[in-house]
>>> print(open('run22.pdb').read())   # PDB, C-alpha atoms, pLDDT in the B column
MODEL        1
ATOM      1  CA  MET A1243       0.000   0.000   0.000  1.00 73.00           C
ATOM      2  CA  SER A1244       1.217   3.472  -0.844  1.00 85.00           C
ATOM      3  CA  PRO A1245       2.350   5.573   2.126  1.00 88.00           C
ATOM      4  CA  VAL A1246       0.481   8.624   0.759  1.00 92.00           C
ATOM      5  CA  PRO A1247      -2.908   7.959   2.446  1.00 92.00           C
ATOM      6  CA  HIS A1248      -1.127   7.341   5.764  1.00 93.00           C
ATOM      7  CA  ARG A1249       0.757  10.609   5.406  1.00 94.00           C
ATOM      8  CA  ILE A1250      -2.388  12.531   4.487  1.00 96.00           C
ATOM      9  CA  PHE A1251      -4.179  11.124   7.550  1.00 96.00           C
ATOM     10  CA  ARG A1252      -1.219  12.123   9.720  1.00 96.00           C
ATOM     11  CA  LEU A1253      -1.122  15.618   8.185  1.00 97.00           C
ATOM     12  CA  LEU A1254      -4.850  16.149   8.795  1.00 97.00           C
ATOM     13  CA  ALA A1255      -4.495  15.039  12.411  1.00 97.00           C
ATOM     14  CA  LEU A1256      -1.491  17.269  13.018  1.00 97.00           C
ATOM     15  CA  VAL A1257      -3.086  20.336  11.418  1.00 98.00           C
ATOM     16  CA  TRP A1258      -6.250  19.861  13.454  1.00 98.00           C
ATOM     17  CA  VAL A1259      -4.628  19.108  16.789  1.00 98.00           C
ATOM     18  CA  GLY A1260      -1.841  21.654  16.311  1.00 98.00           C
ATOM     19  CA  SER A1261      -4.218  24.470  15.451  1.00 98.00           C
ATOM     20  CA  ALA A1262      -6.564  23.583  18.335  1.00 98.00           C
ATOM     21  CA  LEU A1263      -3.710  23.563  20.840  1.00 98.00           C
ATOM     22  CA  THR A1264      -2.223  26.783  19.470  1.00 98.00           C
ATOM     23  CA  ILE A1265      -5.447  28.774  19.418  1.00 97.00           C
ATOM     24  CA  GLY A1266      -6.951  27.412  22.614  1.00 96.00           C
ATOM     25  CA  TYR A1267      -3.928  27.315  24.866  1.00 97.00           C
ATOM     26  CA  LEU A1268      -1.557  29.958  23.475  1.00 98.00           C
ATOM     27  CA  VAL A1269      -3.349  32.557  21.370  1.00 98.00           C
ATOM     28  CA  ALA A1270      -6.580  32.990  23.355  1.00 97.00           C
ATOM     29  CA  PRO A1271      -4.865  33.383  26.751  1.00 97.00           C
ATOM     30  CA  THR A1272      -2.416  35.844  25.193  1.00 98.00           C
ATOM     31  CA  LEU A1273      -5.288  37.892  23.780  1.00 97.00           C
ATOM     32  CA  PHE A1274      -6.962  38.132  27.170  1.00 96.00           C
ATOM     33  CA  ALA A1275      -3.654  39.016  28.839  1.00 97.00           C
ATOM     34  CA  THR A1276      -2.867  41.858  26.444  1.00 97.00           C
ATOM     35  CA  LEU A1277      -6.155  43.315  25.143  1.00 97.00           C
ATOM     36  CA  ALA A1278      -9.297  44.723  26.687  1.00 94.00           C
ATOM     37  CA  ARG A1279     -11.612  41.871  27.658  1.00 89.00           C
ATOM     38  CA  SER A1280     -14.324  42.694  25.114  1.00 86.00           C
ATOM     39  CA  VAL A1281     -11.830  43.075  22.253  1.00 92.00           C
ATOM     40  CA  ALA A1282     -10.017  39.880  23.241  1.00 94.00           C
ATOM     41  CA  GLY A1283     -13.363  38.065  23.378  1.00 90.00           C
ATOM     42  CA  ASP A1284     -14.312  39.240  19.893  1.00 90.00           C
ATOM     43  CA  VAL A1285     -10.967  38.221  18.390  1.00 96.00           C
ATOM     44  CA  ALA A1286     -10.975  34.888  20.224  1.00 95.00           C
ATOM     45  CA  ALA A1287     -14.519  34.171  19.026  1.00 93.00           C
ATOM     46  CA  ARG A1288     -13.423  34.721  15.423  1.00 95.00           C
ATOM     47  CA  LEU A1289     -10.388  32.482  15.869  1.00 97.00           C
ATOM     48  CA  PHE A1290     -12.457  29.723  17.476  1.00 96.00           C
ATOM     49  CA  ARG A1291     -14.877  29.968  14.548  1.00 96.00           C
ATOM     50  CA  ILE A1292     -11.994  29.369  12.126  1.00 97.00           C
ATOM     51  CA  GLU A1293     -10.758  26.542  14.351  1.00 97.00           C
ATOM     52  CA  ALA A1294     -14.202  24.936  14.334  1.00 97.00           C
ATOM     53  CA  PHE A1295     -14.276  24.888  10.541  1.00 97.00           C
ATOM     54  CA  ILE A1296     -10.746  23.465  10.463  1.00 98.00           C
ATOM     55  CA  GLY A1297     -11.928  20.773  12.880  1.00 97.00           C
ATOM     56  CA  VAL A1298     -14.962  19.867  10.802  1.00 98.00           C
ATOM     57  CA  ALA A1299     -12.964  19.760   7.566  1.00 98.00           C
ATOM     58  CA  CYS A1300     -10.114  17.721   9.050  1.00 98.00           C
ATOM     59  CA  GLY A1301     -12.545  15.494  10.921  1.00 98.00           C
ATOM     60  CA  VAL A1302     -14.696  14.627   7.918  1.00 98.00           C
ATOM     61  CA  LEU A1303     -11.660  14.095   5.696  1.00 98.00           C
ATOM     62  CA  SER A1304      -9.916  11.982   8.360  1.00 97.00           C
ATOM     63  CA  LEU A1305     -12.968   9.812   8.918  1.00 97.00           C
ATOM     64  CA  THR A1306     -13.365   9.284   5.193  1.00 97.00           C
ATOM     65  CA  LEU A1307      -9.692   8.471   4.720  1.00 96.00           C
ATOM     66  CA  GLY A1308      -9.666   6.267   7.823  1.00 96.00           C
ATOM     67  CA  ASN A1309     -12.550   4.239   6.390  1.00 95.00           C
ATOM     68  CA  VAL A1310     -10.675   3.820   3.104  1.00 95.00           C
ATOM     69  CA  LEU A1311      -7.535   2.714   4.938  1.00 95.00           C
ATOM     70  CA  VAL A1312      -9.429   0.168   7.046  1.00 95.00           C
ATOM     71  CA  ARG A1313     -11.096  -1.258   3.927  1.00 95.00           C
ATOM     72  CA  ARG A1314      -7.639  -1.588   2.378  1.00 93.00           C
ATOM     73  CA  GLY A1315      -6.420  -3.586   5.355  1.00 91.00           C
ATOM     74  CA  ALA A1316      -4.813  -0.917   7.590  1.00 91.00           C
ATOM     75  CA  LEU A1317      -6.681  -2.124  10.668  1.00 92.00           C
ATOM     76  CA  GLU A1318      -4.767   0.150  13.067  1.00 92.00           C
ATOM     77  CA  TYR A1319      -7.022   2.967  11.821  1.00 95.00           C
ATOM     78  CA  ARG A1320     -10.134   1.377  13.369  1.00 95.00           C
ATOM     79  CA  ARG A1321      -9.330   2.818  16.793  1.00 94.00           C
ATOM     80  CA  LEU A1322      -8.134   6.083  15.325  1.00 96.00           C
ATOM     81  CA  ARG A1323     -11.490   6.633  13.614  1.00 96.00           C
ATOM     82  CA  TRP A1324     -13.200   6.522  17.017  1.00 97.00           C
ATOM     83  CA  LEU A1325     -10.892   9.218  18.342  1.00 97.00           C
ATOM     84  CA  VAL A1326     -11.532  11.370  15.269  1.00 98.00           C
ATOM     85  CA  ALA A1327     -15.289  10.826  15.646  1.00 98.00           C
ATOM     86  CA  GLY A1328     -15.106  11.862  19.303  1.00 98.00           C
ATOM     87  CA  MET A1329     -13.163  14.988  18.409  1.00 98.00           C
ATOM     88  CA  LEU A1330     -15.663  15.833  15.680  1.00 98.00           C
ATOM     89  CA  VAL A1331     -18.595  15.433  18.077  1.00 98.00           C
ATOM     90  CA  CYS A1332     -16.844  17.784  20.502  1.00 98.00           C
ATOM     91  CA  VAL A1333     -16.481  20.423  17.778  1.00 97.00           C
ATOM     92  CA  LEU A1334     -20.068  20.059  16.624  1.00 97.00           C
ATOM     93  CA  ILE A1335     -21.531  20.338  20.119  1.00 97.00           C
ATOM     94  CA  GLY A1336     -18.980  22.692  21.635  1.00 94.00           C
ATOM     95  CA  TYR A1337     -18.927  25.187  18.827  1.00 94.00           C
ATOM     96  CA  PHE A1338     -21.882  24.725  16.520  1.00 94.00           C
ATOM     97  CA  GLY A1339     -24.259  23.668  19.289  1.00 96.00           C
ATOM     98  CA  LEU A1340     -23.362  26.127  22.037  1.00 96.00           C
ATOM     99  CA  GLN A1341     -21.703  29.080  20.338  1.00 94.00           C
ATOM    100  CA  PRO A1342     -24.883  30.416  18.681  1.00 94.00           C
ATOM    101  CA  PHE A1343     -26.496  30.750  22.121  1.00 95.00           C
ATOM    102  CA  MET A1344     -23.393  32.497  23.442  1.00 94.00           C
ATOM    103  CA  ASP A1345     -23.473  34.901  20.490  1.00 93.00           C
ATOM    104  CA  VAL A1346     -27.118  35.766  21.207  1.00 95.00           C
ATOM    105  CA  LEU A1347     -26.281  36.600  24.820  1.00 95.00           C
ATOM    106  CA  ARG A1348     -23.222  38.648  23.798  1.00 92.00           C
ATOM    107  CA  ASN A1349     -25.238  40.568  21.196  1.00 92.00           C
ATOM    108  CA  GLN A1350     -28.135  41.143  23.592  1.00 95.00           C
ATOM    109  CA  ALA A1351     -25.781  42.650  26.170  1.00 93.00           C
ATOM    110  CA  ARG A1352     -24.341  44.953  23.499  1.00 91.00           C
ATOM    111  CA  ALA A1353     -27.827  45.940  22.319  1.00 94.00           C
ATOM    112  CA  ASP A1354     -28.639  46.859  25.922  1.00 94.00           C
ATOM    113  CA  GLY A1355     -25.438  48.945  26.034  1.00 93.00           C
ATOM    114  CA  LEU A1356     -23.859  46.732  28.682  1.00 92.00           C
ATOM    115  CA  ASP A1357     -20.570  44.958  29.048  1.00 89.00           C
ATOM    116  CA  LEU A1358     -21.355  41.242  28.949  1.00 89.00           C
ATOM    117  CA  ALA A1359     -19.634  40.624  32.289  1.00 88.00           C
ATOM    118  CA  LEU A1360     -21.881  43.227  33.948  1.00 90.00           C
ATOM    119  CA  SER A1361     -25.079  42.227  32.179  1.00 93.00           C
ATOM    120  CA  PRO A1362     -27.929  40.027  33.374  1.00 94.00           C
ATOM    121  CA  TYR A1363     -26.742  37.529  30.737  1.00 95.00           C
ATOM    122  CA  ALA A1364     -23.349  36.986  32.359  1.00 94.00           C
ATOM    123  CA  ALA A1365     -24.308  33.905  34.361  1.00 96.00           C
ATOM    124  CA  ARG A1366     -25.885  32.085  31.399  1.00 96.00           C
ATOM    125  CA  PHE A1367     -22.982  33.070  29.175  1.00 95.00           C
ATOM    126  CA  GLY A1368     -20.520  31.818  31.793  1.00 95.00           C
ATOM    127  CA  LEU A1369     -22.314  28.481  32.046  1.00 97.00           C
ATOM    128  CA  LEU A1370     -22.359  28.007  28.267  1.00 96.00           C
ATOM    129  CA  HIS A1371     -18.735  29.118  28.037  1.00 95.00           C
ATOM    130  CA  GLY A1372     -17.755  26.598  30.707  1.00 96.00           C
ATOM    131  CA  ILE A1373     -19.537  23.750  28.921  1.00 97.00           C
ATOM    132  CA  SER A1374     -18.004  24.818  25.600  1.00 96.00           C
ATOM    133  CA  THR A1375     -14.571  24.924  27.221  1.00 96.00           C
ATOM    134  CA  LEU A1376     -15.090  21.413  28.587  1.00 97.00           C
ATOM    135  CA  PHE A1377     -15.849  20.113  25.093  1.00 97.00           C
ATOM    136  CA  TYR A1378     -12.754  21.920  23.782  1.00 97.00           C
ATOM    137  CA  VAL A1379     -10.545  20.367  26.457  1.00 98.00           C
ATOM    138  CA  VAL A1380     -11.928  16.899  25.691  1.00 98.00           C
ATOM    139  CA  GLU A1381     -11.380  17.515  21.971  1.00 98.00           C
ATOM    140  CA  THR A1382      -7.738  18.469  22.505  1.00 98.00           C
ATOM    141  CA  LEU A1383      -7.107  15.549  24.882  1.00 98.00           C
ATOM    142  CA  LEU A1384      -8.565  13.143  22.335  1.00 98.00           C
ATOM    143  CA  GLY A1385      -6.377  14.874  19.744  1.00 98.00           C
ATOM    144  CA  LEU A1386      -3.251  14.300  21.787  1.00 98.00           C
ATOM    145  CA  VAL A1387      -4.179  10.624  22.138  1.00 98.00           C
ATOM    146  CA  LEU A1388      -4.812  10.484  18.379  1.00 98.00           C
ATOM    147  CA  VAL A1389      -1.396  11.927  17.577  1.00 97.00           C
ATOM    148  CA  TRP A1390       0.243   9.593  20.095  1.00 96.00           C
ATOM    149  CA  MET A1391      -1.455   6.558  18.554  1.00 95.00           C
ATOM    150  CA  LEU A1392      -0.709   7.402  14.929  1.00 94.00           C
ATOM    151  CA  PRO A1393       1.222   4.605  13.249  1.00 88.00           C
ATOM    152  CA  ALA A1394       4.921   5.256  13.784  1.00 79.00           C
ATOM    153  CA  GLY A1395       5.768   5.065  10.115  1.00 62.00           C
ATOM    154  CA  ALA A1396       4.395   4.113   6.767  1.00 49.00           C
ATOM    155  CA  ALA A1397       5.383   0.906   5.046  1.00 52.00           C
ATOM    156  CA  PRO A1398       8.797   1.211   3.416  1.00 48.00           C
ATOM    157  CA  LEU A1399       8.833   1.990  -0.283  1.00 47.00           C
ATOM    158  CA  ARG A1400      10.080  -0.676  -2.627  1.00 47.00           C
ATOM    159  CA  GLY A1401      13.729  -0.241  -3.203  1.00 46.00           C
ATOM    160  CA  ALA A1402      14.162   2.038  -0.204  1.00 46.00           C
ATOM    161  CA  GLY A1403      17.561   1.658   1.374  1.00 48.00           C
ATOM    162  CA  ARG A1404      19.136   0.105  -1.688  1.00 49.00           C
ATOM    163  CA  PRO A1405      22.003   1.898  -3.354  1.00 51.00           C
ATOM    164  CA  ALA A1406      21.017   3.643  -6.558  1.00 45.00           C
TER     165      ALA A1406
ENDMDL
END
>>> encode(input="run22.pdb", output="structure tokens")
Amino acid sequence: MSPVPHRIFRLLALVWVGSALTIGYLVAPTLFATLARSVAGDVAARLFRIEAFIGVACGVLSLTLGNVLVRRGALEYRRLRWLVAGMLVCVLIGYFGLQPFMDVLRNQARADGLDLALSPYAARFGLLHGISTLFYVVETLLGLVLVWMLPAGAAPLRGAGRPA
């Protein structure tokens, strides 16, 4: 079997997990440490939106490719597909399920001329944010397990290691 599908699967996993770790654990905290809270929240929301679409794209492509690899006999991808599916569920619930409600609360506070943290919507927003954060943490933990469990190397190419 060609090593290309294995490498594509690995690339998708690394892009997804790497971007999730970078945005969630480096960029977002830096934004909140250096910018006004409302500005940092707006920028972080946009970045998490991009990250969610990266997650969906990488997740769907990885699941599809994982199915192809399993059908071709690469049985080590059976377990990996479950991790990818779990990560994808986390993105779908954590971002696409909860984020619209958070946006409504944020926009309602702005329409009322209030800072979200000082608005009557703060408690509900905080609860939704906490649940969303939990899904994000689970997604990234599953991602780390996925990367750890990736096959160590593709099958050697014919003729590899032979003098030319």
>>> resolve_selection(input="run22.pdb", expression="the PyMOL selection byres ((chain A and resi 1379-1383) around 12)", output="number ranges by chain")
A: 1255-1256, 1258-1267, 1293-1294, 1297-1298, 1301, 1325-1337, 1372-1378, 1384-1390
>>> closest_residue(input="run22.pdb", among="A:Cys1300, A:Pro1245, A:Leu1273, A:Ala1278", to="Val1257 of chain A", atoms="all atoms listed in the file")
A:Cys1300
>>> atom_distance(input="run22.pdb", atom1="atom CA of Ser1304 of chain A", atom2="atom CA of His1371 of chain A")
27.5 Å
>>> residues_around(input="run22.pdb", residues="Leu1347 of chain A", least_positions_apart="5", cutoff="9 Å", atoms="only C-alpha atoms", output="list in words")
Pro1342, Arg1352, Leu1358, Tyr1363, Ala1364, Arg1366 and Phe1367 of chain A
>>> write_last_selection(input="run22.pdb", atoms="C-alpha atoms", output="mmCIF file, keeping the file's coordinate frame")
data_model
loop_
_atom_site.group_PDB
_atom_site.id
_atom_site.type_symbol
_atom_site.label_atom_id
_atom_site.label_comp_id
_atom_site.auth_asym_id
_atom_site.auth_seq_id
_atom_site.Cartn_x
_atom_site.Cartn_y
_atom_site.Cartn_z
ATOM 1 C CA PRO A 1342 -24.883 30.416 18.681
ATOM 2 C CA ARG A 1352 -24.341 44.953 23.499
ATOM 3 C CA LEU A 1358 -21.355 41.242 28.949
ATOM 4 C CA TYR A 1363 -26.742 37.529 30.737
ATOM 5 C CA ALA A 1364 -23.349 36.986 32.359
ATOM 6 C CA ARG A 1366 -25.885 32.085 31.399
ATOM 7 C CA PHE A 1367 -22.982 33.070 29.175
#
>>> atom_distance(input="run22.pdb", atom1="atom CA of Ile1250 of chain A", atom2="atom CA of Phe1295 of chain A")
18.2 Å
>>> atom_distance(input="run22.pdb", atom1="atom CA of Arg1288 of chain A", atom2="atom CA of Arg1252 of chain A")
26.3 Å
>>> closest_residue(input="run22.pdb", among="A:Asp1357, A:Leu1303, A:Gln1350, A:Arg1291", to="Arg1279 of chain A", atoms="all atoms listed in the file")
A:Asp1357
>>> resolve_selection(input="run22.pdb", expression="the PyMOL selection byres ((chain A and resi 1315-1317) around 12)", output="MDAnalysis selection string")
chainID A and resid 1243:1245 1247:1248 1307:1314 1318:1323 1392:1393 1396:1397
>>> residues_around(input="run22.pdb", residues="Phe1274 of chain A", least_positions_apart="6", cutoff="10 Å", atoms="all atoms listed in the file", output="number ranges by chain")
A: 1280-1283, 1285-1286
>>> axis_aligned_box(input="run22.pdb", around="segment 1375-1382 of chain A", padding_each_side="5 Å", output="JSON")
{"center_x": -11.8, "center_y": 20.9, "center_z": 25.3, "size_x": 18.1, "size_y": 18.0, "size_z": 16.6}
>>> build_atoms(input="run22.pdb", residues="segment 1342-1371 of chain A", atoms="N, CA and C atoms", output="mmCIF file, in the frame of the given file")
data_model
loop_
_atom_site.group_PDB
_atom_site.id
_atom_site.type_symbol
_atom_site.label_atom_id
_atom_site.label_comp_id
_atom_site.auth_asym_id
_atom_site.auth_seq_id
_atom_site.Cartn_x
_atom_site.Cartn_y
_atom_site.Cartn_z
ATOM 1 N N PRO A 1342 -23.799 29.508 19.086
ATOM 2 C CA PRO A 1342 -24.883 30.416 18.681
ATOM 3 C C PRO A 1342 -25.632 31.013 19.870
ATOM 4 N N PHE A 1343 -25.838 30.231 20.934
ATOM 5 C CA PHE A 1343 -26.496 30.750 22.121
ATOM 6 C C PHE A 1343 -25.620 31.779 22.828
ATOM 7 N N MET A 1344 -24.315 31.541 22.837
ATOM 8 C CA MET A 1344 -23.393 32.497 23.442
ATOM 9 C C MET A 1344 -23.382 33.802 22.653
ATOM 10 N N ASP A 1345 -23.437 33.698 21.335
ATOM 11 C CA ASP A 1345 -23.473 34.901 20.490
ATOM 12 C C ASP A 1345 -24.731 35.725 20.746
ATOM 13 N N VAL A 1346 -25.867 35.054 20.924
ATOM 14 C CA VAL A 1346 -27.118 35.766 21.207
ATOM 15 C C VAL A 1346 -26.990 36.550 22.505
ATOM 16 N N LEU A 1347 -26.441 35.922 23.527
ATOM 17 C CA LEU A 1347 -26.281 36.600 24.820
ATOM 18 C C LEU A 1347 -25.315 37.775 24.710
ATOM 19 N N ARG A 1348 -24.202 37.579 23.989
ATOM 20 C CA ARG A 1348 -23.222 38.648 23.798
ATOM 21 C C ARG A 1348 -23.864 39.824 23.051
ATOM 22 N N ASN A 1349 -24.596 39.516 21.992
ATOM 23 C CA ASN A 1349 -25.238 40.568 21.196
ATOM 24 C C ASN A 1349 -26.352 41.271 21.965
ATOM 25 N N GLN A 1350 -27.071 40.529 22.792
ATOM 26 C CA GLN A 1350 -28.135 41.143 23.592
ATOM 27 C C GLN A 1350 -27.543 42.122 24.604
ATOM 28 N N ALA A 1351 -26.442 41.748 25.218
ATOM 29 C CA ALA A 1351 -25.781 42.650 26.170
ATOM 30 C C ALA A 1351 -25.337 43.920 25.456
ATOM 31 N N ARG A 1352 -24.770 43.772 24.265
ATOM 32 C CA ARG A 1352 -24.341 44.953 23.499
ATOM 33 C C ARG A 1352 -25.532 45.815 23.117
ATOM 34 N N ALA A 1353 -26.623 45.185 22.700
ATOM 35 C CA ALA A 1353 -27.827 45.940 22.319
ATOM 36 C C ALA A 1353 -28.378 46.724 23.512
ATOM 37 N N ASP A 1354 -28.209 46.170 24.708
ATOM 38 C CA ASP A 1354 -28.639 46.859 25.922
ATOM 39 C C ASP A 1354 -27.614 47.888 26.391
ATOM 40 N N GLY A 1355 -26.483 47.988 25.678
ATOM 41 C CA GLY A 1355 -25.438 48.945 26.034
ATOM 42 C C GLY A 1355 -24.627 48.528 27.248
ATOM 43 N N LEU A 1356 -24.554 47.238 27.496
ATOM 44 C CA LEU A 1356 -23.859 46.732 28.682
ATOM 45 C C LEU A 1356 -22.655 45.894 28.290
ATOM 46 N N ASP A 1357 -21.665 45.909 29.165
ATOM 47 C CA ASP A 1357 -20.570 44.958 29.048
ATOM 48 C C ASP A 1357 -21.132 43.595 29.442
ATOM 49 N N LEU A 1358 -20.803 42.573 28.704
ATOM 50 C CA LEU A 1358 -21.355 41.242 28.949
ATOM 51 C C LEU A 1358 -21.135 40.798 30.390
ATOM 52 N N ALA A 1359 -19.959 41.058 30.926
ATOM 53 C CA ALA A 1359 -19.634 40.624 32.289
ATOM 54 C C ALA A 1359 -20.518 41.308 33.335
ATOM 55 N N LEU A 1360 -21.049 42.486 32.999
ATOM 56 C CA LEU A 1360 -21.881 43.227 33.948
ATOM 57 C C LEU A 1360 -23.367 43.132 33.610
ATOM 58 N N SER A 1361 -23.697 42.322 32.644
ATOM 59 C CA SER A 1361 -25.079 42.227 32.179
ATOM 60 C C SER A 1361 -25.828 41.117 32.907
ATOM 61 N N PRO A 1362 -27.156 41.124 32.792
ATOM 62 C CA PRO A 1362 -27.929 40.027 33.374
ATOM 63 C C PRO A 1362 -27.711 38.700 32.653
ATOM 64 N N TYR A 1363 -27.003 38.727 31.529
ATOM 65 C CA TYR A 1363 -26.742 37.529 30.737
ATOM 66 C C TYR A 1363 -25.428 36.857 31.121
ATOM 67 N N ALA A 1364 -24.688 37.469 32.020
ATOM 68 C CA ALA A 1364 -23.349 36.986 32.359
ATOM 69 C C ALA A 1364 -23.352 35.561 32.893
ATOM 70 N N ALA A 1365 -24.287 35.244 33.761
ATOM 71 C CA ALA A 1365 -24.308 33.905 34.361
ATOM 72 C C ALA A 1365 -24.582 32.828 33.316
ATOM 73 N N ARG A 1366 -25.583 33.071 32.445
ATOM 74 C CA ARG A 1366 -25.885 32.085 31.399
ATOM 75 C C ARG A 1366 -24.725 31.962 30.423
ATOM 76 N N PHE A 1367 -24.135 33.105 30.076
ATOM 77 C CA PHE A 1367 -22.982 33.070 29.175
ATOM 78 C C PHE A 1367 -21.848 32.271 29.814
ATOM 79 N N GLY A 1368 -21.587 32.529 31.091
ATOM 80 C CA GLY A 1368 -20.520 31.818 31.793
ATOM 81 C C GLY A 1368 -20.750 30.316 31.830
ATOM 82 N N LEU A 1369 -21.995 29.903 32.038
ATOM 83 C CA LEU A 1369 -22.314 28.481 32.046
ATOM 84 C C LEU A 1369 -22.071 27.859 30.671
ATOM 85 N N LEU A 1370 -22.574 28.512 29.624
ATOM 86 C CA LEU A 1370 -22.359 28.007 28.267
ATOM 87 C C LEU A 1370 -20.884 28.000 27.905
ATOM 88 N N HIS A 1371 -20.171 29.039 28.309
ATOM 89 C CA HIS A 1371 -18.735 29.118 28.037
ATOM 90 C C HIS A 1371 -17.997 27.979 28.739
#
